[in-house]
>>> print(open('coords-v2.txt').read())   # compact mmCIF, C-alpha atoms
# COMPACT_ATOMS: atom_id res chain seq x y z
CA MET M 219 30.03 -35.91 23.92
CA THR M 220 26.85 -34.74 25.65
CA SER M 221 23.68 -34.23 23.64
CA ASN M 222 23.86 -30.48 24.39
CA VAL M 223 27.41 -30.18 23.02
CA ALA M 224 26.53 -32.37 20.03
CA GLY M 225 23.58 -30.14 19.28
CA LYS M 226 25.77 -27.03 19.35
CA VAL M 227 28.33 -28.68 17.05
CA ALA M 228 25.58 -29.68 14.61
CA ALA M 229 24.17 -26.17 14.63
CA ALA M 230 27.62 -24.70 13.96
CA LEU M 231 28.16 -27.10 11.07
CA MET M 232 24.80 -26.18 9.59
CA THR M 233 25.70 -22.49 9.85
CA LEU M 234 29.01 -23.09 8.07
CA LEU M 235 27.30 -25.19 5.40
CA PHE M 236 24.72 -22.48 4.77
CA ALA M 237 27.46 -19.83 4.59
CA TRP M 238 29.39 -21.97 2.10
CA TRP M 239 26.26 -22.43 -0.06
CA ALA M 240 25.10 -18.81 0.19
CA ALA M 241 28.45 -17.11 -0.52
CA PRO M 242 28.67 -17.84 -4.27
CA ALA M 243 24.93 -17.32 -4.68
CA ALA M 244 25.18 -13.90 -3.05
CA ALA M 245 28.27 -12.97 -5.10
CA ASP M 246 26.43 -13.65 -8.36
CA TYR M 247 23.13 -12.10 -7.27
CA PRO M 248 20.97 -11.39 -9.18
CA GLU M 249 21.36 -13.89 -12.02
CA ARG M 250 17.71 -14.06 -13.07
CA PRO M 251 14.46 -12.06 -12.88
CA ILE M 252 13.12 -11.10 -9.46
CA THR M 253 9.50 -11.12 -8.31
CA LEU M 254 8.05 -8.27 -6.27
CA ILE M 255 4.86 -9.33 -4.48
CA VAL M 256 2.34 -6.57 -3.75
CA PRO M 257 -0.64 -7.09 -1.40
CA TYR M 258 -2.88 -4.65 -3.29
CA PRO M 259 -4.75 -4.75 -6.61
CA PRO M 260 -3.49 -2.99 -9.75
CA GLY M 261 -4.41 0.67 -10.07
CA ALA M 262 -4.04 1.80 -6.45
CA SER M 263 -1.38 4.35 -5.48
CA THR M 264 0.37 1.56 -3.58
CA ASP M 265 0.55 -0.47 -6.79
CA SER M 266 1.84 2.53 -8.72
CA LEU M 267 4.62 3.06 -6.18
CA ALA M 268 5.51 -0.64 -6.25
CA ARG M 269 5.72 -0.66 -10.04
CA VAL M 270 7.97 2.37 -10.34
CA THR M 271 10.16 0.88 -7.60
CA ALA M 272 10.39 -2.38 -9.57
CA THR M 273 11.30 -0.54 -12.76
CA GLU M 274 14.00 1.64 -11.19
CA LEU M 275 15.46 -1.15 -9.03
CA GLY M 276 15.59 -3.41 -12.07
CA LYS M 277 17.67 -0.81 -13.89
CA VAL M 278 20.19 -0.65 -11.03
CA LEU M 279 20.42 -4.43 -10.60
CA GLY M 280 20.42 -5.17 -14.31
CA GLN M 281 17.53 -7.63 -14.03
CA THR M 282 13.81 -7.58 -14.74
CA ILE M 283 11.61 -7.27 -11.66
CA VAL M 284 8.13 -8.67 -12.20
CA VAL M 285 5.32 -7.21 -10.09
CA GLU M 286 2.86 -9.81 -8.85
CA ASN M 287 -0.35 -8.50 -7.26
CA ARG M 288 -1.74 -10.73 -4.51
CA PRO M 289 -4.55 -8.79 -2.81
CA GLY M 290 -6.88 -10.19 -0.16
CA GLY M 291 -6.86 -11.68 3.30
CA GLU M 292 -6.19 -8.30 4.95
CA THR M 293 -2.89 -8.32 2.95
CA THR M 294 -1.88 -11.72 4.42
CA ILE M 295 -2.20 -13.60 1.11
CA ALA M 296 0.79 -11.69 -0.24
CA THR M 297 2.66 -11.74 3.07
CA LEU M 298 2.35 -15.51 3.44
CA ALA M 299 3.36 -16.03 -0.20
CA VAL M 300 6.65 -14.29 0.57
CA LYS M 301 7.06 -16.23 3.82
CA ARG M 302 6.70 -19.50 1.86
CA ALA M 303 9.14 -18.42 -0.87
CA ARG M 304 12.85 -19.27 -0.80
CA ALA M 305 14.97 -16.83 1.16
CA ASP M 306 17.28 -16.18 -1.78
CA GLY M 307 16.51 -12.57 -2.69
CA TYR M 308 14.46 -13.48 -5.74
CA THR M 309 11.15 -12.79 -3.99
CA LEU M 310 10.74 -9.29 -2.60
CA MET M 311 7.77 -7.88 -0.71
CA PHE M 312 6.31 -4.41 -1.02
CA HIS M 313 4.28 -3.60 2.09
CA THR M 314 2.60 -0.83 4.04
CA GLY M 315 1.46 -0.34 7.62
CA SER M 316 -0.86 -3.32 7.19
CA LEU M 317 2.15 -5.59 7.74
CA MET M 318 2.20 -4.32 11.34
CA THR M 319 -1.49 -3.81 12.09
CA ALA M 320 -2.61 -7.24 10.81
CA LEU M 321 -0.52 -8.86 13.54
CA TYR M 322 -3.04 -7.63 16.10
CA ALA M 323 -6.12 -7.26 13.93
CA LEU M 324 -6.16 -10.94 12.94
CA LYS M 325 -6.37 -13.77 15.46
CA HIS M 326 -4.24 -15.99 13.23
CA PRO M 327 -2.17 -13.84 10.83
CA GLY M 328 0.16 -16.74 10.03
CA TYR M 329 3.38 -14.75 10.35
CA ALA M 330 5.45 -12.76 12.83
CA LEU M 331 7.14 -9.43 12.22
CA GLN M 332 10.55 -11.06 12.67
CA ASP M 333 9.87 -13.34 9.68
CA PHE M 334 10.88 -10.40 7.46
CA VAL M 335 13.51 -7.68 7.37
CA PRO M 336 13.26 -4.38 5.51
CA VAL M 337 15.90 -3.71 2.87
CA SER M 338 14.69 -0.20 2.13
CA PRO M 339 12.18 2.36 3.36
CA LEU M 340 10.12 4.01 0.64
CA THR M 341 7.60 6.53 1.86
CA LYS M 342 5.42 7.48 4.79
CA THR M 343 1.91 8.85 4.52
CA PRO M 344 -0.29 10.23 7.29
CA PHE M 345 -4.08 10.50 7.09
CA VAL M 346 -6.45 13.43 6.89
CA LEU M 347 -9.99 13.63 8.24
CA THR M 348 -12.40 14.16 5.34
CA VAL M 349 -16.03 15.18 5.84
CA PRO M 350 -18.93 16.09 3.53
CA ALA M 351 -19.13 19.71 2.46
CA GLY M 352 -22.79 19.61 3.54
CA VAL M 353 -21.82 19.35 7.20
CA PRO M 354 -21.97 22.96 8.46
CA SER M 355 -18.43 23.29 9.77
CA ALA M 356 -15.51 25.43 8.71
CA ASN M 357 -13.00 23.62 10.94
CA LEU M 358 -12.54 20.66 13.27
CA ASP M 359 -14.17 22.35 16.25
CA GLY M 360 -17.23 23.14 14.18
CA PHE M 361 -17.44 19.57 12.94
CA LEU M 362 -17.16 18.13 16.45
CA THR M 363 -19.85 20.49 17.71
CA TYR M 364 -22.12 19.27 14.91
CA ALA M 365 -21.20 15.63 15.65
CA ARG M 366 -22.13 15.96 19.32
CA ALA M 367 -25.53 17.34 18.36
CA HIS M 368 -26.23 14.62 15.75
CA GLN M 369 -24.68 11.49 17.25
CA ALA M 370 -27.56 9.22 16.27
CA SER M 371 -26.95 9.89 12.58
CA MET M 372 -23.14 10.09 12.55
CA ASN M 373 -21.30 7.45 10.52
CA HIS M 374 -17.54 6.93 10.33
CA GLY M 375 -15.88 4.98 7.52
CA THR M 376 -13.20 2.34 8.08
CA LEU M 377 -11.34 -0.09 5.83
CA GLY M 378 -12.49 -3.56 6.82
CA GLY M 379 -14.12 -4.48 10.10
CA GLY M 380 -12.62 -5.00 13.53
CA ALA M 381 -9.23 -3.58 14.49
CA SER M 382 -7.55 -1.31 11.94
CA ILE M 383 -5.59 1.93 11.90
CA TYR M 384 -8.80 3.63 10.73
CA LYS M 385 -10.72 2.27 13.72
CA VAL M 386 -7.95 3.30 16.13
CA MET M 387 -7.84 6.87 14.80
CA GLY M 388 -11.64 7.15 14.74
CA ASP M 389 -12.06 5.82 18.27
CA ALA M 390 -9.27 8.05 19.57
CA LEU M 391 -11.01 11.13 18.18
CA ALA M 392 -14.46 10.05 19.35
CA SER M 393 -13.16 9.35 22.85
CA ALA M 394 -11.20 12.61 23.15
CA ALA M 395 -14.03 14.72 21.72
CA GLY M 396 -16.86 13.00 23.58
CA ILE M 397 -18.81 11.88 20.52
CA LYS M 398 -20.28 8.61 19.27
CA TRP M 399 -20.72 7.36 15.72
CA THR M 400 -21.40 4.15 13.84
CA ASP M 401 -18.51 2.53 11.98
CA ILE M 402 -19.21 1.56 8.36
CA PRO M 403 -16.60 -0.73 6.74
CA TYR M 404 -15.44 -0.32 3.12
CA LYS M 405 -13.13 -2.36 0.91
CA GLY M 406 -10.98 0.49 -0.39
CA GLY M 407 -10.04 4.10 0.14
CA MET M 408 -11.89 5.34 -2.94
CA GLU M 409 -15.08 3.69 -1.65
CA GLY M 410 -14.66 5.63 1.58
CA ILE M 411 -14.25 8.92 -0.26
CA GLN M 412 -17.31 8.21 -2.41
CA ALA M 413 -19.30 7.48 0.74
CA VAL M 414 -18.28 10.87 2.15
CA LEU M 415 -19.24 12.62 -1.09
CA SER M 416 -22.65 10.93 -1.12
CA GLY M 417 -23.30 11.75 2.53
CA GLU M 418 -23.48 8.07 3.47
CA ILE M 419 -20.81 8.70 6.10
CA GLN M 420 -19.82 11.92 7.84
CA ALA M 421 -16.16 11.15 8.54
CA TYR M 422 -13.36 9.22 6.90
CA PHE M 423 -9.60 9.22 7.47
CA ALA M 424 -8.13 9.14 3.97
CA THR M 425 -4.43 8.88 3.23
CA VAL M 426 -2.95 12.23 2.31
CA SER M 427 -2.18 10.81 -1.13
CA LEU M 428 -5.84 9.96 -1.75
CA ALA M 429 -7.12 13.18 -0.20
CA VAL M 430 -4.89 15.32 -2.43
CA SER M 431 -6.12 13.51 -5.54
CA GLN M 432 -9.74 14.14 -4.55
CA ARG M 433 -9.42 17.58 -2.99
CA ARG M 434 -11.02 19.42 -5.89
CA GLN M 435 -14.25 17.51 -5.37
CA PRO M 436 -16.79 20.21 -4.37
CA GLY M 437 -18.46 17.91 -1.85
CA LEU M 438 -15.32 17.25 0.22
CA LYS M 439 -13.72 19.11 3.12
CA LEU M 440 -10.35 18.32 4.71
CA LEU M 441 -10.09 19.19 8.41
CA ALA M 442 -6.96 17.84 10.12
CA VAL M 443 -3.89 15.67 9.54
CA THR M 444 -2.81 12.75 11.76
CA ASP M 445 0.89 13.59 11.89
CA ARG M 446 3.10 15.56 14.24
CA GLN M 447 3.77 18.11 11.52
CA ARG M 448 1.80 19.48 8.60
CA SER M 449 1.85 17.56 5.36
CA LEU M 450 4.14 18.67 2.56
CA TYR M 451 1.15 18.37 0.21
CA LEU M 452 -1.49 19.93 2.49
CA PRO M 453 0.40 22.75 4.23
CA ASP M 454 -2.82 24.66 4.89
CA ILE M 455 -4.44 21.81 6.84
CA PRO M 456 -3.58 21.79 10.58
CA THR M 457 -2.59 18.70 12.51
CA PHE M 458 -4.79 17.16 15.20
CA ALA M 459 -2.00 17.92 17.69
CA GLU M 460 -2.17 21.62 16.79
CA LEU M 461 -5.90 21.55 17.45
CA GLY M 462 -5.63 19.94 20.86
CA TYR M 463 -5.97 16.24 19.98
CA PRO M 464 -2.39 14.85 20.19
CA ASP M 465 -3.57 11.24 20.56
CA VAL M 466 -5.20 11.23 17.12
CA GLN M 467 -2.13 10.07 15.25
CA GLY M 468 -1.49 7.58 12.52
CA SER M 469 0.54 6.98 9.40
CA SER M 470 1.37 4.18 7.01
CA LEU M 471 4.95 3.15 6.33
CA TYR M 472 5.76 1.84 2.86
CA GLY M 473 8.86 -0.28 2.40
CA LEU M 474 10.61 -3.16 0.67
CA TYR M 475 11.20 -6.42 2.56
CA VAL M 476 12.75 -9.87 2.18
CA ARG M 477 12.57 -12.99 4.32
CA ALA M 478 14.71 -12.70 7.44
CA GLU M 479 16.80 -15.73 6.45
CA THR M 480 17.97 -14.07 3.21
CA PRO M 481 21.81 -14.03 3.16
CA GLU M 482 23.22 -10.74 4.43
CA PRO M 483 25.27 -10.03 1.29
CA ILE M 484 22.03 -10.15 -0.75
CA GLN M 485 20.28 -7.89 1.77
CA ARG M 486 23.16 -5.41 1.49
CA THR M 487 23.08 -5.57 -2.32
CA LEU M 488 19.38 -4.66 -2.29
CA GLU M 489 19.92 -1.96 0.33
CA GLN M 490 22.68 -0.27 -1.67
CA ALA M 491 20.74 -0.58 -4.92
CA MET M 492 17.67 1.02 -3.33
CA LYS M 493 19.74 3.95 -2.08
CA LYS M 494 20.56 4.67 -5.73
CA VAL M 495 16.91 4.24 -6.71
CA LEU M 496 15.66 6.66 -4.05
CA ALA M 497 18.28 9.22 -5.06
CA SER M 498 17.23 9.11 -8.72
CA ASP M 499 15.21 11.91 -10.29
CA ALA M 500 12.75 9.38 -11.72
CA MET M 501 11.92 7.97 -8.28
CA LYS M 502 11.71 11.37 -6.62
CA SER M 503 9.37 12.57 -9.36
CA SER M 504 7.16 9.48 -9.08
CA ILE M 505 6.88 9.77 -5.30
CA ALA M 506 5.93 13.44 -5.61
CA SER M 507 3.36 12.71 -8.34
CA LEU M 508 1.64 10.27 -5.95
CA SER M 509 1.64 12.90 -3.14
CA LEU M 510 3.66 10.57 -0.94
CA GLU M 511 6.35 11.80 1.42
CA PRO M 512 9.85 10.29 1.14
CA TYR M 513 10.85 8.51 4.32
CA GLN M 514 13.23 10.72 6.28
CA GLY M 515 15.72 8.45 7.97
CA SER M 516 18.04 5.49 7.60
CA LEU M 517 17.17 1.85 7.11
CA ALA M 518 17.90 1.30 10.81
CA ASP M 519 15.51 4.14 11.68
CA TYR M 520 12.85 2.57 9.50
CA ALA M 521 13.27 -0.91 11.01
CA LYS M 522 12.94 0.60 14.48
CA GLU M 523 9.84 2.57 13.51
CA VAL M 524 8.25 -0.57 12.04
CA ARG M 525 8.66 -2.36 15.37
CA GLU M 526 7.43 0.64 17.34
CA THR M 527 4.40 1.03 15.06
CA ALA M 528 3.43 -2.60 15.55
CA ASP M 529 3.77 -2.29 19.33
CA LYS M 530 1.84 0.99 19.51
CA PHE M 531 -1.01 -0.30 17.38
CA SER M 532 -1.35 -3.40 19.54
CA ARG M 533 -1.44 -1.29 22.71
CA ASP M 534 -3.96 1.17 21.28
CA ALA M 535 -6.21 -1.53 19.85
CA ALA M 536 -6.15 -3.49 23.12
CA ARG M 537 -6.86 -0.33 25.16
CA LEU M 538 -9.85 0.45 22.94
CA GLY M 539 -11.05 -3.14 23.11
CA LEU M 540 -11.10 -3.51 19.33
CA GLU M 541 -12.38 -6.76 17.89
CA ARG M 542 -9.88 -9.17 16.31
CA ARG M 543 -10.98 -10.99 13.20
>>> encode(input="coords-v2.txt", output="structure tokens")
Amino acid sequence: MTSNVAGKVAAALMTLLFAWWAAPAAADYPERPITLIVPYPPGASTDSLARVTATELGKVLGQTIVVENRPGGETTIATLAVKRARADGYTLMFHTGSLMTALYALKHPGYALQDFVPVSPLTKTPFVLTVPAGVPSANLDGFLTYARAHQASMNHGTLGGGASIYKVMGDALASAAGIKWTDIPYKGGMEGIQAVLSGEIQAYFATVSLAVSQRRQPGLKLLAVTDRQRSLYLPDIPTFAELGYPDVQGSSLYGLYVRAETPEPIQRTLEQAMKKVLASDAMKSSIASLSLEPYQGSLADYAKEVRETADKFSRDAARLGLERR
């Protein structure tokens, strides 16, 4: 027997052995509590969504789901914790668009997109350009006219330094509109909004969810949304595409993932359970209360969009020459 044939036989035997071991485990799944790892600190809208997902999924599966917050490392601390966990369905990962963007933004992220598979989409949220009320502009054109005349004092807020979705959107607008500004990094979305309100920065792309929660602030103006269509929660705010800037696009996908090696029967169990969760009144109400938009599409659609988002971000960041950390 040649070494090549022997290798194929060994691989086939290993596959059969794994299938034999996984079958009863999948049939009995879940037999014990499950951990949901979240790459954000408690209190954020992302954490709130993760916790309601854990509660409702636990009801469907008949097991407790414990939320474990692991912020830091540009979300890689949580991501790598899931990668190191057993692929048995007892460690789930809640993630956002950072799962995709960190692959380019970091020189050594420590994981590949194919290390994980989504078992359910959750929501999708675009961004909205927020500016201080003190900037004399009633609309995007007025703001850009002001920005061109005051480029030396224009500051734009980002989350973190180097390549990020915030940097990509900001550079796309600056390039298309012929303006320059200085990027100021912040640790969280609320810090960015506070910087706008104080006049420390003159532009910040906030998630629609955050912008809606802060819209009543008298010092804040919302100018345009980074989606192809107007937001369900900000129907009066036009899109950048409507205003002649189709390349200023961006959104964050929220979903539930497991390690790619997780047995398919367990993946299907989670997928079917999450369909029930997303159809429940409790989940629909919670998503609406967070001003998040339910993902419109199938799990296959979501998986495809995740891959496309990662590819597009890498192309955009490389085209703009954004620094990798």
>>> residues_near_point(input="coords-v2.txt", point="(7.6, -2.0, 11.7)", cutoff="8 Å", atoms="all atoms listed in the file", output="PyMOL selection string")
chain M and resi 315+317-318+331+471+520-528
>>> atom_distance(input="coords-v2.txt", atom1="atom CA of M:Arg542", atom2="atom CA of M:Gly328")
14.1 Å
>>> residues_around(input="coords-v2.txt", residues="M:Val495", least_positions_apart="5", cutoff="9 Å", atoms="all atoms listed in the file", output="MDAnalysis selection string")
chainID M and resid 271 274:275 277:278 490 500:502
>>> closest_residue(input="coords-v2.txt", among="M:Asp519, M:Pro436, M:Leu358, M:Pro403", to="M:Ile455", atoms="only C-alpha atoms")
M:Leu358
>>> residues_around(input="coords-v2.txt", residues="M:Gln281", least_positions_apart="4", cutoff="8 Å", atoms="all atoms listed in the file", output="ChimeraX atom specification")
/M:248-252,276-277
>>> write_last_selection(input="coords-v2.txt", atoms="C-alpha atoms", output="PDB file, keeping the file's coordinate frame")
ATOM      1  CA  PRO M 248      20.970 -11.390  -9.180  1.00  0.00           C
ATOM      2  CA  GLU M 249      21.360 -13.890 -12.020  1.00  0.00           C
ATOM      3  CA  ARG M 250      17.710 -14.060 -13.070  1.00  0.00           C
ATOM      4  CA  PRO M 251      14.460 -12.060 -12.880  1.00  0.00           C
ATOM      5  CA  ILE M 252      13.120 -11.100  -9.460  1.00  0.00           C
ATOM      6  CA  GLY M 276      15.590  -3.410 -12.070  1.00  0.00           C
ATOM      7  CA  LYS M 277      17.670  -0.810 -13.890  1.00  0.00           C
TER       8      LYS M 277
END
>>> atom_distance(input="coords-v2.txt", atom1="atom CA of M:Ser470", atom2="atom CA of M:Leu377")
13.5 Å
>>> atom_distance(input="coords-v2.txt", atom1="atom CA of M:Gln332", atom2="atom CA of M:Glu286")
22.9 Å
>>> residues_around(input="coords-v2.txt", residues="M:Val256", least_positions_apart="6", cutoff="9 Å", atoms="only C-alpha atoms", output="PyMOL selection string")
chain M and resi 264-265+268+285-289+293+296-297+310-313
>>> closest_residue(input="coords-v2.txt", among="M:Arg486, M:Lys439, M:Arg366, M:Lys405", to="M:Val346", atoms="all atoms listed in the file")
M:Lys439
>>> residues_near_point(input="coords-v2.txt", point="(-15.9, 9.5, 5.9)", cutoff="9 Å", atoms="all atoms listed in the file", output="PyMOL selection string")
chain M and resi 347-350+373-376+402+410-415+417-424
>>> closest_residue(input="coords-v2.txt", among="M:Arg448, M:Lys301, M:Lys398, M:Arg477", to="M:Val426", atoms="only C-alpha atoms")
M:Arg448
>>> residues_around(input="coords-v2.txt", residues="M:Asp454", least_positions_apart="4", cutoff="12 Å", atoms="all atoms listed in the file", output="list of chain:residue names")
M:Val346, M:Asn357, M:Leu440, M:Leu441, M:Ala442, M:Val443, M:Gln447, M:Arg448, M:Ser449, M:Leu450
>>> decode(input="coords-v2.txt", residues="stretch 478-489 of chain M", atoms="all heavy atoms", output="CSV table (one decimal), in the first residue's frame")
chain,number,residue,atom,x,y,z
M,478,ALA,N,-16.1,25.7,13.4
M,478,ALA,CA,-16.4,25.1,12.1
M,478,ALA,C,-16.5,23.5,12.3
M,478,ALA,O,-17.2,22.9,11.5
M,478,ALA,CB,-15.5,25.5,11.0
M,479,GLU,N,-15.7,23.0,13.2
M,479,GLU,CA,-15.7,21.5,13.4
M,479,GLU,C,-16.8,21.0,14.2
M,479,GLU,O,-16.9,19.8,14.4
M,479,GLU,CB,-14.3,21.1,14.0
M,479,GLU,CG,-13.1,21.5,13.3
M,479,GLU,CD,-12.6,22.9,13.6
M,479,GLU,OE1,-13.4,23.7,14.3
M,479,GLU,OE2,-11.5,23.3,13.2
M,480,THR,N,-17.7,21.8,14.7
M,480,THR,CA,-18.9,21.4,15.4
M,480,THR,C,-19.7,20.4,14.6
M,480,THR,O,-20.0,20.7,13.4
M,480,THR,CB,-19.7,22.6,15.9
M,480,THR,OG1,-18.9,23.5,16.6
M,480,THR,CG2,-20.9,22.1,16.7
M,481,PRO,N,-20.1,19.3,15.1
M,481,PRO,CA,-20.9,18.3,14.4
M,481,PRO,C,-22.1,18.9,13.7
M,481,PRO,O,-22.8,19.7,14.4
M,481,PRO,CB,-21.3,17.2,15.4
M,481,PRO,CG,-20.2,17.3,16.4
M,481,PRO,CD,-19.8,18.7,16.5
M,482,GLU,N,-22.4,18.5,12.5
M,482,GLU,CA,-23.5,19.2,11.8
M,482,GLU,C,-24.9,19.0,12.5
M,482,GLU,O,-25.7,19.9,12.5
M,482,GLU,CB,-23.6,18.6,10.4
M,482,GLU,CG,-22.7,19.2,9.4
M,482,GLU,CD,-23.3,19.7,8.1
M,482,GLU,OE1,-24.5,19.7,7.9
M,482,GLU,OE2,-22.5,20.1,7.3
M,483,PRO,N,-25.2,17.8,13.1
M,483,PRO,CA,-26.4,17.7,13.8
M,483,PRO,C,-26.6,18.8,14.9
M,483,PRO,O,-27.7,19.3,15.1
M,483,PRO,CB,-26.4,16.3,14.4
M,483,PRO,CG,-25.5,15.6,13.5
M,483,PRO,CD,-24.4,16.5,13.1
M,484,ILE,N,-25.5,19.1,15.6
M,484,ILE,CA,-25.6,20.2,16.6
M,484,ILE,C,-25.8,21.5,16.0
M,484,ILE,O,-26.5,22.4,16.5
M,484,ILE,CB,-24.3,20.1,17.5
M,484,ILE,CG1,-24.3,18.9,18.3
M,484,ILE,CG2,-24.2,21.4,18.4
M,484,ILE,CD1,-23.0,18.7,19.2
M,485,GLN,N,-25.1,21.8,14.9
M,485,GLN,CA,-25.3,23.0,14.2
M,485,GLN,C,-26.7,23.2,13.8
M,485,GLN,O,-27.3,24.3,13.9
M,485,GLN,CB,-24.4,23.1,12.9
M,485,GLN,CG,-22.9,23.2,13.2
M,485,GLN,CD,-22.1,23.4,11.9
M,485,GLN,OE1,-22.5,24.1,11.0
M,485,GLN,NE2,-20.9,22.8,11.9
M,486,ARG,N,-27.3,22.1,13.2
M,486,ARG,CA,-28.7,22.2,12.8
M,486,ARG,C,-29.7,22.4,14.0
M,486,ARG,O,-30.7,23.0,13.9
M,486,ARG,CB,-29.1,20.9,12.1
M,486,ARG,CG,-28.3,20.6,10.8
M,486,ARG,CD,-28.6,21.6,9.7
M,486,ARG,NE,-28.0,22.9,9.8
M,486,ARG,CZ,-26.7,23.1,9.5
M,486,ARG,NH1,-25.9,22.1,9.0
M,486,ARG,NH2,-26.2,24.3,9.6
M,487,THR,N,-29.4,21.7,15.1
M,487,THR,CA,-30.2,21.9,16.3
M,487,THR,C,-30.2,23.4,16.7
M,487,THR,O,-31.3,24.0,17.0
M,487,THR,CB,-29.6,21.1,17.5
M,487,THR,OG1,-29.8,19.7,17.2
M,487,THR,CG2,-30.4,21.4,18.8
M,488,LEU,N,-29.0,24.0,16.7
M,488,LEU,CA,-28.9,25.4,17.1
M,488,LEU,C,-29.7,26.3,16.0
M,488,LEU,O,-30.3,27.3,16.4
M,488,LEU,CB,-27.5,25.8,17.2
M,488,LEU,CG,-26.7,25.3,18.4
M,488,LEU,CD1,-25.2,25.5,18.3
M,488,LEU,CD2,-27.2,25.9,19.7
M,489,GLU,N,-29.5,26.0,14.8
M,489,GLU,CA,-30.1,26.7,13.7
M,489,GLU,C,-31.7,26.7,13.9
M,489,GLU,O,-32.3,27.7,13.8
M,489,GLU,CB,-29.7,26.2,12.3
M,489,GLU,CG,-30.4,26.9,11.2
M,489,GLU,CD,-30.1,26.2,9.8
M,489,GLU,OE1,-29.3,25.2,9.8
M,489,GLU,OE2,-30.8,26.6,8.8
